[in-house]
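J.: The file below is start.cif, mmCIF, C-alpha atoms:
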data_final
loop_
_atom_site.label_atom_id
_atom_site.label_comp_id
_atom_site.auth_asym_id
_atom_site.auth_seq_id
_atom_site.Cartn_x
_atom_site.Cartn_y
_atom_site.Cartn_z
CA MET Z 1 14.93 21.56 14.06
CA SER Z 2 15.59 24.90 15.83
CA SER Z 3 12.39 26.35 17.22
CA ARG Z 4 13.44 29.99 17.02
CA LEU Z 5 14.12 31.11 13.50
CA GLU Z 6 15.40 34.51 12.57
CA PRO Z 7 12.71 36.65 10.88
CA ALA Z 8 14.35 36.38 7.44
CA THR Z 9 14.73 32.61 7.79
CA ARG Z 10 11.16 32.28 8.96
CA HIS Z 11 9.93 34.17 5.94
CA TYR Z 12 12.02 31.93 3.70
CA ASP Z 13 10.61 28.89 5.46
CA GLU Z 14 7.00 30.05 5.16
CA LYS Z 15 7.41 30.74 1.45
CA LEU Z 16 9.08 27.39 0.94
CA GLN Z 17 6.34 25.62 2.87
CA HIS Z 18 3.76 27.27 0.65
CA ILE Z 19 5.63 26.08 -2.46
CA LEU Z 20 6.05 22.54 -1.11
CA LYS Z 21 2.44 22.23 -0.08
CA THR Z 22 1.13 23.53 -3.40
CA SER Z 23 3.52 21.35 -5.41
CA ALA Z 24 2.58 18.24 -3.46
CA LYS Z 25 -1.05 18.86 -4.36
CA ILE Z 26 -0.25 19.20 -8.08
CA PHE Z 27 2.11 16.19 -8.07
CA ALA Z 28 -0.61 14.14 -6.36
CA GLU Z 29 -3.23 15.16 -8.89
CA LYS Z 30 -1.25 15.19 -12.14
CA GLY Z 31 1.72 12.99 -11.31
CA PHE Z 32 5.29 14.25 -10.95
CA HIS Z 33 6.35 13.72 -14.56
CA ARG Z 34 3.34 15.47 -16.06
CA THR Z 35 3.77 18.52 -13.86
CA SER Z 36 5.89 21.41 -15.13
CA VAL Z 37 7.51 24.16 -13.08
CA ARG Z 38 5.18 26.45 -15.03
CA ASP Z 39 2.19 24.64 -13.47
CA ILE Z 40 3.70 25.31 -10.07
CA SER Z 41 4.30 28.93 -10.95
CA ARG Z 42 0.62 29.32 -11.88
CA ALA Z 43 -0.64 27.60 -8.74
CA THR Z 44 1.66 29.42 -6.30
CA LYS Z 45 1.26 32.75 -8.13
CA MET Z 46 5.02 33.09 -8.08
CA SER Z 47 7.30 33.87 -11.01
CA LEU Z 48 9.65 31.20 -12.36
CA ALA Z 49 12.59 33.31 -11.18
CA GLY Z 50 10.99 33.55 -7.74
CA LEU Z 51 10.53 29.79 -7.61
CA TYR Z 52 14.07 29.02 -8.69
CA TYR Z 53 15.30 30.94 -5.68
CA TYR Z 54 13.99 28.02 -3.57
CA PHE Z 55 14.96 25.08 -5.73
CA THR Z 56 16.96 24.50 -8.88
CA THR Z 57 15.16 21.56 -10.49
CA LYS Z 58 11.78 19.86 -10.29
CA GLU Z 59 13.59 16.83 -8.83
CA GLU Z 60 14.92 18.96 -6.00
CA LEU Z 61 11.39 20.09 -5.29
CA LEU Z 62 10.20 16.49 -5.02
CA TYR Z 63 13.18 15.78 -2.80
CA LEU Z 64 12.34 18.72 -0.53
CA ILE Z 65 8.74 17.50 -0.16
CA GLN Z 66 9.82 13.98 0.78
CA GLU Z 67 12.56 15.25 3.10
CA ARG Z 68 10.13 17.56 4.86
CA CYS Z 69 7.68 14.69 5.38
CA PHE Z 70 10.23 12.35 6.93
CA LEU Z 71 11.78 15.07 9.08
CA THR Z 72 8.36 16.15 10.34
CA LEU Z 73 7.35 12.56 11.08
CA LEU Z 74 10.59 11.96 12.97
CA GLN Z 75 10.40 15.24 14.85
CA ARG Z 76 6.76 14.70 15.86
CA TRP Z 77 7.64 11.20 16.96
CA GLU Z 78 10.54 12.39 19.10
CA GLN Z 79 8.39 15.05 20.72
CA ALA Z 80 5.51 12.69 21.45
CA SER Z 81 7.35 9.61 22.58
CA GLY Z 82 8.75 9.33 26.07
CA ALA Z 83 11.23 6.66 27.13
CA GLU Z 84 9.24 6.19 30.32
CA MET Z 85 6.25 4.91 28.34
CA ASP Z 86 5.95 1.17 27.91
CA VAL Z 87 6.83 -0.21 24.51
CA ARG Z 88 3.28 -1.18 23.60
CA ALA Z 89 2.12 2.38 24.17
CA ARG Z 90 5.03 3.66 22.12
CA ILE Z 91 4.03 1.47 19.18
CA GLY Z 92 0.52 2.87 19.51
CA LEU Z 93 1.88 6.41 19.52
CA PHE Z 94 4.04 5.71 16.49
CA ALA Z 95 1.03 4.44 14.56
CA ALA Z 96 -1.09 7.37 15.66
CA ASN Z 97 1.63 9.82 14.66
CA HIS Z 98 2.09 8.19 11.27
CA LEU Z 99 -1.56 7.86 10.35
CA SER Z 100 -2.64 11.25 11.66
CA PHE Z 101 0.19 12.97 9.83
CA PHE Z 102 -0.87 11.49 6.50
CA TRP Z 103 -4.49 12.03 7.36
CA HIS Z 104 -3.89 15.73 7.33
CA ASN Z 105 -1.42 15.56 4.44
CA THR Z 106 -3.10 13.31 1.91
CA HIS Z 107 -1.35 14.85 -1.09
CA GLU Z 108 2.05 14.30 0.49
CA MET Z 109 1.10 10.71 1.30
CA LYS Z 110 0.18 10.05 -2.31
CA VAL Z 111 3.38 11.67 -3.56
CA MET Z 112 5.42 9.56 -1.13
CA ALA Z 113 3.68 6.37 -2.25
CA HIS Z 114 3.63 7.06 -6.00
CA GLU Z 115 6.80 9.01 -6.66
CA ASP Z 116 9.05 6.81 -4.60
CA GLU Z 117 11.16 6.02 -7.64
CA SER Z 118 11.12 9.41 -9.36
CA LEU Z 119 14.25 10.56 -7.53
CA ASN Z 120 17.74 9.55 -8.61
CA GLY Z 121 21.31 9.89 -7.46
CA GLU Z 122 22.07 11.93 -4.38
CA PHE Z 123 18.45 12.93 -3.79
CA ALA Z 124 17.34 9.30 -3.80
CA ASP Z 125 20.22 8.34 -1.47
CA LYS Z 126 19.39 11.03 1.06
CA ILE Z 127 15.71 10.09 1.15
CA LEU Z 128 16.63 6.44 1.56
CA VAL Z 129 18.69 7.30 4.64
CA LEU Z 130 15.75 9.15 6.18
CA LYS Z 131 13.30 6.42 5.26
CA ARG Z 132 15.50 3.74 6.82
CA ARG Z 133 15.87 5.82 9.95
CA TYR Z 134 12.10 6.18 10.17
CA VAL Z 135 11.38 2.49 9.50
CA LYS Z 136 14.00 1.53 12.06
CA VAL Z 137 12.10 3.37 14.79
CA LEU Z 138 9.09 1.08 14.38
CA MET Z 139 11.19 -2.01 13.77
CA ASP Z 140 13.15 -1.44 17.01
CA LEU Z 141 9.91 -0.98 18.92
CA VAL Z 142 8.40 -4.17 17.53
CA GLU Z 143 11.60 -6.04 18.34
CA GLU Z 144 11.70 -4.67 21.90
CA TRP Z 145 8.08 -5.65 22.38
CA GLN Z 146 8.60 -9.14 20.98
CA GLN Z 147 11.53 -9.67 23.35
CA GLN Z 148 9.61 -8.36 26.31
CA GLU Z 149 6.51 -10.46 25.63
CA GLY Z 150 8.33 -13.48 24.31
CA GLY Z 151 6.48 -13.17 21.01
CA LYS Z 152 8.77 -15.32 18.93
CA GLY Z 153 8.30 -16.82 15.51
CA VAL Z 154 7.21 -13.73 13.65
CA ASP Z 155 9.63 -12.27 11.17
CA LEU Z 156 10.53 -8.74 12.27
CA ARG Z 157 10.48 -7.26 8.77
CA VAL Z 158 7.15 -8.87 7.90
CA ALA Z 159 5.64 -7.62 11.18
CA THR Z 160 6.96 -4.08 10.77
CA PHE Z 161 6.00 -3.66 7.13
CA SER Z 162 2.63 -5.28 7.74
CA LEU Z 163 1.73 -2.42 10.05
CA PHE Z 164 3.06 0.12 7.57
CA GLY Z 165 1.10 -1.63 4.81
CA MET Z 166 -2.16 -1.56 6.78
CA MET Z 167 -1.72 2.15 7.44
CA ASN Z 168 -0.33 3.26 4.10
CA TRP Z 169 -2.98 1.44 2.08
CA THR Z 170 -5.71 3.49 3.78
CA TYR Z 171 -5.64 6.20 1.14
CA THR Z 172 -6.90 3.76 -1.48
CA TRP Z 173 -10.11 2.74 0.31
CA TYR Z 174 -11.00 5.10 3.11
CA GLN Z 175 -14.25 7.05 2.71
CA ALA Z 176 -14.87 9.71 5.33
CA LYS Z 177 -18.65 9.37 5.18
CA ARG Z 178 -18.63 5.62 5.45
CA ASP Z 179 -15.67 4.62 7.59
CA LEU Z 180 -14.62 5.11 11.18
CA PRO Z 181 -13.11 8.42 12.32
CA LEU Z 182 -9.36 8.53 12.66
CA PRO Z 183 -8.91 7.69 16.38
CA GLN Z 184 -11.10 4.58 16.07
CA LEU Z 185 -9.39 3.58 12.84
CA ILE Z 186 -6.01 3.70 14.57
CA GLU Z 187 -7.36 1.68 17.48
CA GLN Z 188 -8.83 -0.95 15.17
CA MET Z 189 -5.58 -1.33 13.27
CA LEU Z 190 -3.60 -1.67 16.49
CA ARG Z 191 -6.06 -4.27 17.75
CA ILE Z 192 -5.60 -6.31 14.58
CA PHE Z 193 -1.84 -5.85 14.60
CA PHE Z 194 -1.44 -6.85 18.26
CA PHE Z 195 -4.15 -9.46 18.70
CA GLY Z 196 -5.31 -10.51 15.26
CA VAL Z 197 -8.78 -10.31 13.78
CA LEU Z 198 -10.23 -13.01 15.99
CA LYS Z 199 -9.31 -11.65 19.41
CA ALA Z 200 -9.06 -8.01 18.42
CA GLY Z 201 -12.58 -7.08 19.45
CA GLN Z 202 -12.39 -8.74 22.84
CA ILE Z 203 -9.58 -6.64 24.27
CA ASP Z 204 -10.59 -4.03 26.81
CA GLU Z 205 -10.69 -0.52 25.46
CA ARG Z 206 -8.48 0.74 28.29
CA TRP Z 207 -5.66 -1.35 26.86
CA PHE Z 208 -5.33 1.16 24.04
CA ILE Z 209 -5.34 4.31 26.09
CA SER Z 210 -1.70 5.15 26.52
CA LYS Z 211 -0.27 7.16 29.36
CA PRO Z 212 0.85 10.43 27.82
CA SER Z 213 4.43 11.18 28.74
CA ARG Z 214 3.89 14.92 28.66
CA GLU Z 215 0.77 16.93 29.23
CA LYS Z 216 0.19 18.22 25.76
CA ASP Z 217 0.95 15.00 23.88
CA THR Z 218 -2.56 13.78 23.39
CA PHE Z 219 -3.58 17.07 21.94
CA SER Z 220 -0.54 17.89 19.81
CA LEU Z 221 -0.69 14.52 18.15
CA TRP Z 222 -4.06 15.20 16.61
CA GLN Z 223 -3.33 18.70 15.60
CA ASN Z 224 -3.68 19.58 11.99
CA ILE Z 225 -0.31 20.02 10.32
CA PRO Z 226 -0.31 23.12 8.13
CA MET J 1 -13.66 -18.27 -19.13
CA SER J 2 -14.05 -21.05 -21.73
CA SER J 3 -11.13 -23.43 -21.67
CA ARG J 4 -11.31 -24.49 -25.31
CA LEU J 5 -10.77 -21.63 -27.66
CA GLU J 6 -11.06 -21.86 -31.42
CA PRO J 7 -7.63 -21.68 -33.10
CA ALA J 8 -8.25 -18.16 -34.47
CA THR J 9 -9.44 -16.91 -31.08
CA ARG J 10 -6.50 -18.53 -29.37
CA HIS J 11 -4.09 -16.80 -31.69
CA TYR J 12 -5.86 -13.49 -31.04
CA ASP J 13 -5.67 -14.13 -27.33
CA GLU J 14 -1.98 -15.02 -27.36
CA LYS J 15 -1.12 -11.89 -29.33
CA LEU J 16 -3.22 -9.78 -27.00
CA GLN J 17 -1.59 -11.36 -23.94
CA HIS J 18 1.81 -10.52 -25.39
CA ILE J 19 0.75 -6.90 -25.90
CA LEU J 20 -0.76 -6.62 -22.42
CA LYS J 21 2.24 -8.14 -20.71
CA THR J 22 4.71 -5.94 -22.59
CA SER J 23 2.64 -2.81 -22.01
CA ALA J 24 2.29 -3.52 -18.29
CA LYS J 25 6.09 -3.68 -18.06
CA ILE J 26 6.51 -0.32 -19.81
CA PHE J 27 3.70 1.33 -17.82
CA ALA J 28 5.30 0.05 -14.61
CA GLU J 29 8.72 1.40 -15.57
CA LYS J 30 7.85 4.70 -17.25
CA GLY J 31 4.39 5.40 -15.91
CA PHE J 32 1.21 5.31 -17.96
CA HIS J 33 1.18 8.96 -18.97
CA ARG J 34 4.77 9.01 -20.12
CA THR J 35 4.34 5.93 -22.30
CA SER J 36 3.33 6.37 -25.94
CA VAL J 37 1.76 3.77 -28.21
CA ARG J 38 4.98 4.14 -30.22
CA ASP J 39 6.93 2.87 -27.19
CA ILE J 40 4.65 -0.15 -27.13
CA SER J 41 5.08 -0.67 -30.85
CA ARG J 42 8.86 -0.72 -30.41
CA ALA J 43 8.76 -3.11 -27.46
CA THR J 44 6.26 -5.54 -28.96
CA LYS J 45 7.85 -5.31 -32.42
CA MET J 46 4.40 -4.73 -33.86
CA SER J 47 3.30 -1.96 -36.19
CA LEU J 48 0.98 0.77 -34.95
CA ALA J 49 -1.69 -0.52 -37.33
CA GLY J 50 -1.18 -4.03 -35.95
CA LEU J 51 -1.55 -2.76 -32.39
CA TYR J 52 -4.70 -0.78 -33.10
CA TYR J 53 -6.35 -3.99 -34.19
CA TYR J 54 -6.34 -4.98 -30.51
CA PHE J 55 -7.18 -1.68 -28.85
CA THR J 56 -8.25 1.77 -29.95
CA THR J 57 -6.67 4.02 -27.32
CA LYS J 58 -3.93 3.82 -24.72
CA GLU J 59 -6.66 4.08 -22.05
CA GLU J 60 -8.30 0.96 -23.45
CA LEU J 61 -4.99 -0.83 -23.17
CA LEU J 62 -4.69 0.10 -19.49
CA TYR J 63 -8.28 -1.00 -19.02
CA LEU J 64 -7.57 -4.36 -20.67
CA ILE J 65 -4.57 -4.95 -18.37
CA GLN J 66 -6.56 -4.18 -15.24
CA GLU J 67 -9.57 -6.21 -16.45
CA ARG J 68 -7.34 -9.20 -17.20
CA CYS J 69 -5.80 -9.01 -13.73
CA PHE J 70 -9.11 -8.96 -11.89
CA LEU J 71 -10.65 -11.66 -14.10
CA THR J 72 -7.62 -13.91 -13.64
CA LEU J 73 -7.61 -13.36 -9.88
CA LEU J 74 -11.33 -14.16 -9.68
CA GLN J 75 -11.04 -17.17 -11.96
CA ARG J 76 -8.05 -18.60 -10.06
CA TRP J 77 -9.90 -18.04 -6.82
CA GLU J 78 -13.03 -19.83 -8.06
CA GLN J 79 -10.96 -22.75 -9.28
CA ALA J 80 -8.95 -23.08 -6.08
CA SER J 81 -11.64 -22.50 -3.49
CA GLY J 82 -14.06 -25.26 -2.53
CA ALA J 83 -17.21 -24.65 -0.54
CA GLU J 84 -16.42 -27.75 1.52
CA MET J 85 -13.29 -26.06 2.91
CA ASP J 86 -13.64 -24.27 6.21
CA VAL J 87 -13.73 -20.52 6.08
CA ARG J 88 -10.34 -20.03 7.73
CA ALA J 89 -8.71 -22.17 5.05
CA ARG J 90 -10.54 -20.24 2.36
CA ILE J 91 -9.19 -16.93 3.70
CA GLY J 92 -5.73 -18.49 3.58
CA LEU J 93 -6.27 -19.61 0.01
CA PHE J 94 -7.53 -16.19 -0.99
CA ALA J 95 -4.39 -14.56 0.44
CA ALA J 96 -2.15 -17.13 -1.22
CA ASN J 97 -3.89 -16.65 -4.56
CA HIS J 98 -3.64 -12.88 -4.32
CA LEU J 99 -0.04 -12.66 -3.23
CA SER J 100 1.26 -15.38 -5.52
CA PHE J 101 -0.47 -13.84 -8.52
CA PHE J 102 1.19 -10.49 -7.95
CA TRP J 103 4.43 -12.20 -7.07
CA HIS J 104 4.63 -13.51 -10.59
CA ASN J 105 3.16 -10.35 -12.11
CA THR J 106 5.01 -7.53 -10.41
CA HIS J 107 4.59 -5.08 -13.29
CA GLU J 108 0.85 -5.62 -13.30
CA MET J 109 0.76 -5.12 -9.54
CA LYS J 110 2.55 -1.82 -9.84
CA VAL J 111 0.27 -0.69 -12.65
CA MET J 112 -2.79 -1.62 -10.58
CA ALA J 113 -1.47 0.28 -7.57
CA HIS J 114 -0.16 3.35 -9.38
CA GLU J 115 -2.54 3.83 -12.29
CA ASP J 116 -5.68 3.29 -10.32
CA GLU J 117 -6.93 6.76 -11.22
CA SER J 118 -5.68 6.95 -14.81
CA LEU J 119 -8.92 5.50 -16.18
CA ASN J 120 -12.05 7.58 -16.67
CA GLY J 121 -15.67 7.15 -17.68
CA GLU J 122 -16.86 3.73 -18.74
CA PHE J 123 -13.46 2.06 -18.35
CA ALA J 124 -13.16 3.27 -14.77
CA ASP J 125 -16.73 2.15 -14.02
CA LYS J 126 -16.16 -1.34 -15.37
CA ILE J 127 -12.95 -1.81 -13.37
CA LEU J 128 -14.67 -0.52 -10.25
CA VAL J 129 -17.35 -3.23 -10.64
CA LEU J 130 -14.68 -5.93 -10.91
CA LYS J 131 -12.67 -4.54 -8.03
CA ARG J 132 -15.74 -4.42 -5.78
CA ARG J 133 -16.59 -7.99 -6.75
CA TYR J 134 -13.07 -9.08 -5.86
CA VAL J 135 -12.93 -7.18 -2.57
CA LYS J 136 -16.36 -8.58 -1.64
CA VAL J 137 -15.00 -12.13 -1.85
CA LEU J 138 -12.55 -11.46 0.98
CA MET J 139 -14.97 -9.28 2.92
CA ASP J 140 -17.63 -12.00 2.87
CA LEU J 141 -15.08 -14.57 4.04
CA VAL J 142 -13.91 -12.38 6.92
CA GLU J 143 -17.51 -11.72 7.89
CA GLU J 144 -18.39 -15.42 7.79
CA TRP J 145 -15.36 -16.21 9.91
CA GLN J 146 -16.13 -13.49 12.43
CA GLN J 147 -19.69 -14.82 12.79
CA GLN J 148 -18.48 -18.39 13.16
CA GLU J 149 -15.84 -17.57 15.75
CA GLY J 150 -17.75 -14.85 17.52
CA GLY J 151 -15.00 -12.37 16.70
CA LYS J 152 -16.92 -9.18 17.27
CA GLY J 153 -15.79 -5.62 17.67
CA VAL J 154 -13.60 -5.40 14.60
CA ASP J 155 -14.81 -3.25 11.76
CA LEU J 156 -15.26 -5.43 8.68
CA ARG J 157 -13.86 -2.89 6.23
CA VAL J 158 -10.82 -2.16 8.40
CA ALA J 159 -10.15 -5.90 8.78
CA THR J 160 -10.53 -6.64 5.07
CA PHE J 161 -8.47 -3.74 3.81
CA SER J 162 -5.83 -4.32 6.47
CA LEU J 163 -5.11 -7.70 4.93
CA PHE J 164 -5.10 -6.20 1.43
CA GLY J 165 -2.79 -3.44 2.69
CA MET J 166 -0.34 -5.88 4.25
CA MET J 167 -0.17 -7.84 0.99
CA ASN J 168 -0.25 -4.99 -1.49
CA TRP J 169 2.44 -3.01 0.28
CA THR J 170 4.90 -5.88 -0.19
CA TYR J 171 6.18 -4.57 -3.50
CA THR J 172 7.64 -1.52 -1.77
CA TRP J 173 9.88 -3.36 0.70
CA TYR J 174 10.37 -7.00 -0.26
CA GLN J 175 13.91 -8.06 -1.18
CA ALA J 176 14.24 -11.58 -2.55
CA LYS J 177 17.73 -12.07 -1.14
CA ARG J 178 16.89 -10.86 2.31
CA ASP J 179 13.29 -11.78 3.00
CA LEU J 180 11.32 -14.98 3.41
CA PRO J 181 10.26 -16.98 0.36
CA LEU J 182 6.67 -16.57 -0.76
CA PRO J 183 4.99 -19.49 1.06
CA GLN J 184 6.48 -18.44 4.41
CA LEU J 185 5.66 -14.81 3.76
CA ILE J 186 2.01 -15.72 3.19
CA GLU J 187 1.98 -17.82 6.35
CA GLN J 188 3.52 -15.02 8.42
CA MET J 189 0.99 -12.49 7.17
CA LEU J 190 -1.89 -14.85 7.92
CA ARG J 191 -0.51 -15.46 11.40
CA ILE J 192 -0.41 -11.73 12.08
CA PHE J 193 -3.82 -11.17 10.54
CA PHE J 194 -5.49 -13.98 12.50
CA PHE J 195 -3.62 -13.90 15.79
CA GLY J 196 -1.73 -10.63 15.98
CA VAL J 197 1.99 -10.11 16.36
CA LEU J 198 2.13 -11.33 19.94
CA LYS J 199 0.52 -14.73 19.54
CA ALA J 200 1.33 -15.23 15.88
CA GLY J 201 4.48 -17.23 16.42
CA GLN J 202 2.95 -19.60 18.95
CA ILE J 203 0.33 -21.11 16.69
CA ASP J 204 1.05 -24.62 15.45
CA GLU J 205 2.26 -24.79 11.89
CA ARG J 206 -0.40 -27.36 10.99
CA TRP J 207 -3.01 -24.71 11.59
CA PHE J 208 -1.95 -23.08 8.35
CA ILE J 209 -1.92 -26.13 6.16
CA SER J 210 -5.27 -26.11 4.47
CA LYS J 211 -7.06 -29.16 3.20
CA PRO J 212 -6.98 -28.81 -0.56
CA SER J 213 -10.42 -29.22 -2.01
CA ARG J 214 -9.14 -30.75 -5.23
CA GLU J 215 -5.98 -32.68 -5.90
CA LYS J 216 -4.12 -30.17 -8.00
CA ASP J 217 -4.98 -27.06 -5.98
CA THR J 218 -1.84 -26.80 -3.94
CA PHE J 219 0.26 -27.00 -7.02
CA SER J 220 -1.76 -24.86 -9.40
CA LEU J 221 -1.85 -22.04 -6.93
CA TRP J 222 1.88 -21.56 -7.05
CA GLN J 223 2.23 -21.93 -10.75
CA ASN J 224 3.75 -19.07 -12.64
CA ILE J 225 1.16 -17.15 -14.62
CA PRO J 226 2.44 -16.41 -18.11
#
What does this structure look like when you write it as structure tokens?
T.:
Amino acid sequence: MSSRLEPATRHYDEKLQHILKTSAKIFAEKGFHRTSVRDISRATKMSLAGLYYYFTTKEELLYLIQERCFLTLLQRWEQASGAEMDVRARIGLFAANHLSFFWHNTHEMKVMAHEDESLNGEFADKILVLKRRYVKVLMDLVEEWQQQEGGKGVDLRVATFSLFGMMNWTYTWYQAKRDLPLPQLIEQMLRIFFFGVLKAGQIDERWFISKPSREKDTFSLWQNIP
Amino acid sequence: MSSRLEPATRHYDEKLQHILKTSAKIFAEKGFHRTSVRDISRATKMSLAGLYYYFTTKEELLYLIQERCFLTLLQRWEQASGAEMDVRARIGLFAANHLSFFWHNTHEMKVMAHEDESLNGEFADKILVLKRRYVKVLMDLVEEWQQQEGGKGVDLRVATFSLFGMMNWTYTWYQAKRDLPLPQLIEQMLRIFFFGVLKAGQIDERWFISKPSREKDTFSLWQNIP
């Protein structure tokens, strides 16, 4: 999480990022189990010995990809969200952060969705901790909002995972040429989540424009993640 | 679709069902690509020659599983839904049919979600036709309902796939010991879909009890699919 890395560390990190990004693409296309470290060596143009400097097993590589995703999502969320924003706006920001991250990292999204059970032991445990921490952010927000608005009678887990489900299912149906661009897609999903299909279209557009807590938020949120 | 099969056909069908069900379980656990026909032979206690009487390649087997799922979903839907029901109740029935089918066929659900891209050529084309037919049922219902209620401003594809996403994501988070039983889960998701998180809990319970179009509907819908 430190923003100033030493030159050597930065080089290590850039190399590792390159490996993780390339591996995520191959895992997404071929599946984790059908991919060999040799495939990764070919695609990254690195020797096996060079690769094993960064990870010791293919499982560790999958772990590093998933860890990086959750840490990035959490870090982006912490940077974007401000406590002074109202809870509704924070839910909107969370959704925008989540969907835009996976928008620009489709391979990682597929790996996260499909290879959820390919990790075992300590790797699986560590990812579970991160995943729970991430889910809890949204769940706490939904709970806070329900309490504030008196929105009782909806199960917190069903509500939280319904929003995740709406967003995470996107990769199975979305067609860039046919469907709405990302900002409108996020707005539509928030409308449905907050107001339901029937009322969703009647809510004033201004409702969905959140007050940015810091100047650069609106921009940084839509930035392409390398 | 015929309800009275000749004895020989029925035997064929029962054997095939046994193979499909067993294979779906192995595909769900090991993944399609890591499963061999030999694995299926072991699990079904059938010889390779016996198996190849029912399918010619592993791809065909995956195709048959997916085809059976979509045909069963469509058939159950056609049996349960009555044109005399109002559109809101028909959306509810569609959701109940979808979720309860996968509830009792978790392996098939996982195979459908994970091995979506494992089919190629003619098999993939045929499944795509069925999938589009199935999706169109819900999309037409949502459209009809929007027109009836004047619910404008929500993109039809986003609305339709949001409901699919909410339901299909269930397999990643649902814990039987912790979460609501199936009928309540369906009701909660419909509440969120129709009214949004805020209002969802305030709607009278009777709103969600649909008039069954035929006597046995309510029961048959919850029946376990073999």
J.: Could you work out how far atom CA of Thr106 of chain J lies from atom CA of Ile65 of chain J, giving the answer in Å with one decimal?
T.: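 Calculated distance between atom CA of Ile65 of chain J and atom CA of Thr106 of chain J is 12.7 Å.
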J.: From the list Z:Ala8, Z:Ala24, Z:Ile91, Z:Val197, which residue is nearest Val142 of chain J when using all atoms listed in the file?
T.: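 Smallest separation from Val142 of chain J among the options: Z:Val197.
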J.: Between atom CA of Leu71 of chain Z and atom CA of Lys131 of chain Z, what is the distance, to one decimal in Å?
T.: 9.6 Å
J.: Residues of chain Z near chain J: apply a cut-off of 8 Å, count all atoms listed in the file, and supply the list as a ChimeraX atom specification.
T.: /Z:33-34,114,146,149-155,157-159,161-170,173,179,185,188-189,191-202
J.: Quick one: write out the picked residues with C-alpha atoms as a PDB file, in the frame of the given file?
T.:
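Below is the file again_12.pdb, written as the result:
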ATOM      1  CA  HIS Z  33       6.350  13.720 -14.560  1.00  0.00           C
ATOM      2  CA  ARG Z  34       3.340  15.470 -16.060  1.00  0.00           C
ATOM      3  CA  HIS Z 114       3.630   7.060  -6.000  1.00  0.00           C
ATOM      4  CA  GLN Z 146       8.600  -9.140  20.980  1.00  0.00           C
ATOM      5  CA  GLU Z 149       6.510 -10.460  25.630  1.00  0.00           C
ATOM      6  CA  GLY Z 150       8.330 -13.480  24.310  1.00  0.00           C
ATOM      7  CA  GLY Z 151       6.480 -13.170  21.010  1.00  0.00           C
ATOM      8  CA  LYS Z 152       8.770 -15.320  18.930  1.00  0.00           C
ATOM      9  CA  GLY Z 153       8.300 -16.820  15.510  1.00  0.00           C
ATOM     10  CA  VAL Z 154       7.210 -13.730  13.650  1.00  0.00           C
ATOM     11  CA  ASP Z 155       9.630 -12.270  11.170  1.00  0.00           C
ATOM     12  CA  ARG Z 157      10.480  -7.260   8.770  1.00  0.00           C
ATOM     13  CA  VAL Z 158       7.150  -8.870   7.900  1.00  0.00           C
ATOM     14  CA  ALA Z 159       5.640  -7.620  11.180  1.00  0.00           C
ATOM     15  CA  PHE Z 161       6.000  -3.660   7.130  1.00  0.00           C
ATOM     16  CA  SER Z 162       2.630  -5.280   7.740  1.00  0.00           C
ATOM     17  CA  LEU Z 163       1.730  -2.420  10.050  1.00  0.00           C
ATOM     18  CA  PHE Z 164       3.060   0.120   7.570  1.00  0.00           C
ATOM     19  CA  GLY Z 165       1.100  -1.630   4.810  1.00  0.00           C
ATOM     20  CA  MET Z 166      -2.160  -1.560   6.780  1.00  0.00           C
ATOM     21  CA  MET Z 167      -1.720   2.150   7.440  1.00  0.00           C
ATOM     22  CA  ASN Z 168      -0.330   3.260   4.100  1.00  0.00           C
ATOM     23  CA  TRP Z 169      -2.980   1.440   2.080  1.00  0.00           C
ATOM     24  CA  THR Z 170      -5.710   3.490   3.780  1.00  0.00           C
ATOM     25  CA  TRP Z 173     -10.110   2.740   0.310  1.00  0.00           C
ATOM     26  CA  ASP Z 179     -15.670   4.620   7.590  1.00  0.00           C
ATOM     27  CA  LEU Z 185      -9.390   3.580  12.840  1.00  0.00           C
ATOM     28  CA  GLN Z 188      -8.830  -0.950  15.170  1.00  0.00           C
ATOM     29  CA  MET Z 189      -5.580  -1.330  13.270  1.00  0.00           C
ATOM     30  CA  ARG Z 191      -6.060  -4.270  17.750  1.00  0.00           C
ATOM     31  CA  ILE Z 192      -5.600  -6.310  14.580  1.00  0.00           C
ATOM     32  CA  PHE Z 193      -1.840  -5.850  14.600  1.00  0.00           C
ATOM     33  CA  PHE Z 194      -1.440  -6.850  18.260  1.00  0.00           C
ATOM     34  CA  PHE Z 195      -4.150  -9.460  18.700  1.00  0.00           C
ATOM     35  CA  GLY Z 196      -5.310 -10.510  15.260  1.00  0.00           C
ATOM     36  CA  VAL Z 197      -8.780 -10.310  13.780  1.00  0.00           C
ATOM     37  CA  LEU Z 198     -10.230 -13.010  15.990  1.00  0.00           C
ATOM     38  CA  LYS Z 199      -9.310 -11.650  19.410  1.00  0.00           C
ATOM     39  CA  ALA Z 200      -9.060  -8.010  18.420  1.00  0.00           C
ATOM     40  CA  GLY Z 201     -12.580  -7.080  19.450  1.00  0.00           C
ATOM     41  CA  GLN Z 202     -12.390  -8.740  22.840  1.00  0.00           C
TER      42      GLN Z 202
END
J.: Give as a PyMOL selection string the residues that the PyMOL selection byres ((chain Z and resi 63) around 8) matches when applied to the coordinates above.
T.: chain Z and resi 59-62+64-67+119+123-124+127
J.: Rounded to one decimal, what separation in Å do you get between atom CA of Ser23 of chain Z and atom CA of Ile40 of chain Z?
T.: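 That distance, rounded to one decimal, is 6.1 Å.
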J.: Residue by residue, what does the PyMOL selection byres ((chain Z and resi 97) around 10) grab here? Present the result as number ranges by chain.
T.: Z: 73-74, 76-77, 80-81, 91-96, 98-103, 186, 220-222
